[in-house]
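Enquirer: Before we start, here is the structure in question, set down as structure tokens.
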Amino acid sequence: MDFNKFFEKTNKKLSHNMLIVLIILLSIAIIAVIGGYLRKSGAPAVPQASSSTVEPLETPPMVVIDAGHGGWEPGAGNGQINEKDVVLDISLEIEKLLAQKGIEYLMIRTDDTYVSLEDRAKIANEKKGRLFISIHNNSFTDSAQSGILTAYNPNSPTGRDIAQVMQSKLSDIGMRNRDIMPRPNLYVLRHTEMPALLLEIGFISNKKDLKLMTDGDFQQKCAQRIVSGIEEILKDFILAPGTAAGEESPEGD
Ligand SMILES: [Zn+2]
């Protein structure tokens, strides 16, 4: 064996191997540097992108469901029964149906919390609701007074029409039909920038109405009728071609 040749060969092999190792090390270094740079520039870009896309991706609620009163403000009452609880029960039934039907909605409250009238309107306006339905019970010193009614803002262009649609669904529900009622000064009807209705589901001060409004089956039936009204109003007044996308309630006092 030629020793010199062998040595030369080994040397060549060695330097060849070293070159490969060097290339690998260099590649690792380059990858590390590029990776570091990408991480540095990429890291803030990712949350930025996701946080900036949250709002545009949000679907505006078609219907805002406003369970009246709540928290320290019980509304009307009769014995142990408070309006805030009755209207929440009915509103939660409405929520279930809207979710089942895939109608976009927003609940002003889903538990026993206080929300001011100002915030109710503000939330609905900010979230760009298309229809606002407020759920209440009536009450009167004369316990003989009873029945169900739909209140609307007479200054709203479609107020009376959509009130008629809603009341037609509720008129034969088992409570006295008190028909529709113009209420120009109700805060949530006045300050919501979308068609709005306020439903007075029976008189809590009336024995027969009280029994109905606290009955689970009646609450369910009531929610079904209200959602049926919502669907018809959405179809004929909110989503119908040629209908203005947003109806402005008159501003100011
Ligand atoms: Zn009320």
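For the structure tokens, the naming scheme is as follows: chains receive sequential letters (A, B, ...) according to their order of presentation, residues are indexed from 1 within each chain, and ligands are indexed from 1 in presentation order.
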Output as a tab-separated table one row per residue of chain A within 7 Å of ligand 1: the closest atom pair and its distance in Å to one decimal place, counting only C-alpha atoms and all ligand atoms, sorted by chain and residue number ascending.

Expert:
```
residue	atom	partner	partner_atom_place_in_ligand_line	distance
A:Gly68	CA	ligand 1	1 (Zn)	5.5
A:His69	CA	ligand 1	1 (Zn)	6.3
A:Gly75	CA	ligand 1	1 (Zn)	5.3
A:Ala76	CA	ligand 1	1 (Zn)	6.4
A:Glu83	CA	ligand 1	1 (Zn)	6.6
A:His136	CA	ligand 1	1 (Zn)	4.4
A:Asn137	CA	ligand 1	1 (Zn)	5.4
A:Asn138	CA	ligand 1	1 (Zn)	6.5
```

Enquirer: Those same residues - C-alpha atoms - I'd like them written as a PDB file, in the first residue's frame.

Expert:
```pdb
ATOM      1  CA  GLY A  68     -86.869  43.732  31.490  1.00  0.00           C
ATOM      2  CA  HIS A  69     -85.537  44.768  34.913  1.00  0.00           C
ATOM      3  CA  GLY A  75     -89.969  45.413  38.307  1.00  0.00           C
ATOM      4  CA  ALA A  76     -93.568  44.722  39.268  1.00  0.00           C
ATOM      5  CA  GLU A  83     -91.467  40.537  37.045  1.00  0.00           C
ATOM      6  CA  HIS A 136     -92.185  42.821  30.389  1.00  0.00           C
ATOM      7  CA  ASN A 137     -95.234  42.136  32.519  1.00  0.00           C
ATOM      8  CA  ASN A 138     -97.895  44.690  33.249  1.00  0.00           C
TER       9      ASN A 138
END
```

Enquirer: If you run DSSP over the backbone, which residues in region 71-249 of chain A end up strand (DSSP E)? Put them as an MDAnalysis selection string.

Expert: chainID A and resid 77:78 81:82 105:107 131:138 148:152 177:182 196:203

Enquirer: Using the selection just defined, write its residues with C-alpha atoms as a short mmCIF file (atom, residue, chain, number, x, y, z; two decimals), in the first residue's frame.

Expert:
```
data_model
loop_
_atom_site.label_atom_id
_atom_site.label_comp_id
_atom_site.auth_asym_id
_atom_site.auth_seq_id
_atom_site.Cartn_x
_atom_site.Cartn_y
_atom_site.Cartn_z
CA GLY A 77 -94.33 42.00 41.77
CA ASN A 78 -97.02 39.93 43.39
CA ILE A 81 -93.21 36.56 42.25
CA ASN A 82 -91.14 39.28 40.60
CA TYR A 105 -79.58 37.11 18.46
CA LEU A 106 -78.24 39.04 21.40
CA MET A 107 -79.52 38.70 24.95
CA LEU A 131 -84.96 44.24 15.72
CA PHE A 132 -85.37 44.91 19.43
CA ILE A 133 -87.88 42.95 21.51
CA SER A 134 -88.34 43.93 25.14
CA ILE A 135 -90.18 41.51 27.43
CA HIS A 136 -92.18 42.82 30.39
CA ASN A 137 -95.23 42.14 32.52
CA ASN A 138 -97.90 44.69 33.25
CA ILE A 148 -101.38 40.90 26.80
CA LEU A 149 -100.33 43.82 24.62
CA THR A 150 -97.62 44.99 22.25
CA ALA A 151 -96.29 48.53 22.73
CA TYR A 152 -94.57 50.41 19.89
CA ASN A 177 -106.14 40.57 23.96
CA ARG A 178 -105.35 44.20 24.83
CA ASP A 179 -104.13 44.86 21.27
CA ILE A 180 -101.32 47.21 20.31
CA MET A 181 -100.51 50.42 22.18
CA PRO A 182 -98.53 53.49 21.05
CA ALA A 196 -88.43 47.95 18.51
CA LEU A 197 -91.36 46.48 20.42
CA LEU A 198 -92.15 46.11 24.10
CA LEU A 199 -94.40 43.22 25.04
CA GLU A 200 -96.45 43.31 28.22
CA ILE A 201 -97.11 39.63 28.83
CA GLY A 202 -100.06 39.75 31.21
CA PHE A 203 -100.73 41.59 34.43
#
```

Enquirer: What's the separation between CA of Lys235 (chain A) and CA of Leu170 (chain A), in Å to one decimal place?

Expert: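 Here the two named atoms are 18.2 Å from each other.
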
Enquirer: Between CA of Val115 (chain A) and CA of Asp89 (chain A), what is the spacing in Å?

Expert: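 Distance between the two atoms: 16.6 Å.
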
Enquirer: Neighbouring residues of Glu104 (chain A) were defined as those with any atom within 9 Å, considering only C-alpha atoms; residues of the same chain fewer than 4 positions away were excluded. Please report them as a VMD selection string.

Expert: chain A and resid 59 to 64 98 to 99

Enquirer: Just to be explicit: take each residue in the selection above, keep N, CA, C and O atoms, and write the result as an mmCIF file, in the first residue's frame.

Expert:
```cif
data_model
loop_
_atom_site.group_PDB
_atom_site.id
_atom_site.type_symbol
_atom_site.label_atom_id
_atom_site.label_comp_id
_atom_site.auth_asym_id
_atom_site.auth_seq_id
_atom_site.Cartn_x
_atom_site.Cartn_y
_atom_site.Cartn_z
ATOM 1 N N THR A 59 -71.011 38.598 13.420
ATOM 2 C CA THR A 59 -72.267 38.792 12.706
ATOM 3 C C THR A 59 -73.182 39.674 13.554
ATOM 4 O O THR A 59 -73.408 39.369 14.715
ATOM 5 N N PRO A 60 -73.711 40.739 12.993
ATOM 6 C CA PRO A 60 -74.613 41.582 13.792
ATOM 7 C C PRO A 60 -75.852 40.786 14.184
ATOM 8 O O PRO A 60 -76.349 39.993 13.392
ATOM 9 N N PRO A 61 -76.337 40.985 15.399
ATOM 10 C CA PRO A 61 -77.513 40.232 15.822
ATOM 11 C C PRO A 61 -78.759 40.702 15.079
ATOM 12 O O PRO A 61 -78.992 41.895 14.942
ATOM 13 N N MET A 62 -79.519 39.760 14.571
ATOM 14 C CA MET A 62 -80.779 40.105 13.922
ATOM 15 C C MET A 62 -81.759 40.617 14.974
ATOM 16 O O MET A 62 -82.459 41.582 14.758
ATOM 17 N N VAL A 63 -81.793 39.923 16.092
ATOM 18 C CA VAL A 63 -82.774 40.242 17.126
ATOM 19 C C VAL A 63 -82.075 40.464 18.462
ATOM 20 O O VAL A 63 -81.222 39.679 18.857
ATOM 21 N N VAL A 64 -82.453 41.535 19.127
ATOM 22 C CA VAL A 64 -81.975 41.766 20.487
ATOM 23 C C VAL A 64 -83.142 41.455 21.424
ATOM 24 O O VAL A 64 -84.231 42.012 21.281
ATOM 25 N N LEU A 98 -84.585 30.739 19.153
ATOM 26 C CA LEU A 98 -83.788 31.490 18.174
ATOM 27 C C LEU A 98 -82.528 30.706 17.820
ATOM 28 O O LEU A 98 -82.138 30.640 16.652
ATOM 29 N N ALA A 99 -81.916 30.097 18.839
ATOM 30 C CA ALA A 99 -80.701 29.305 18.602
ATOM 31 C C ALA A 99 -81.032 28.104 17.719
ATOM 32 O O ALA A 99 -80.307 27.800 16.776
#
```
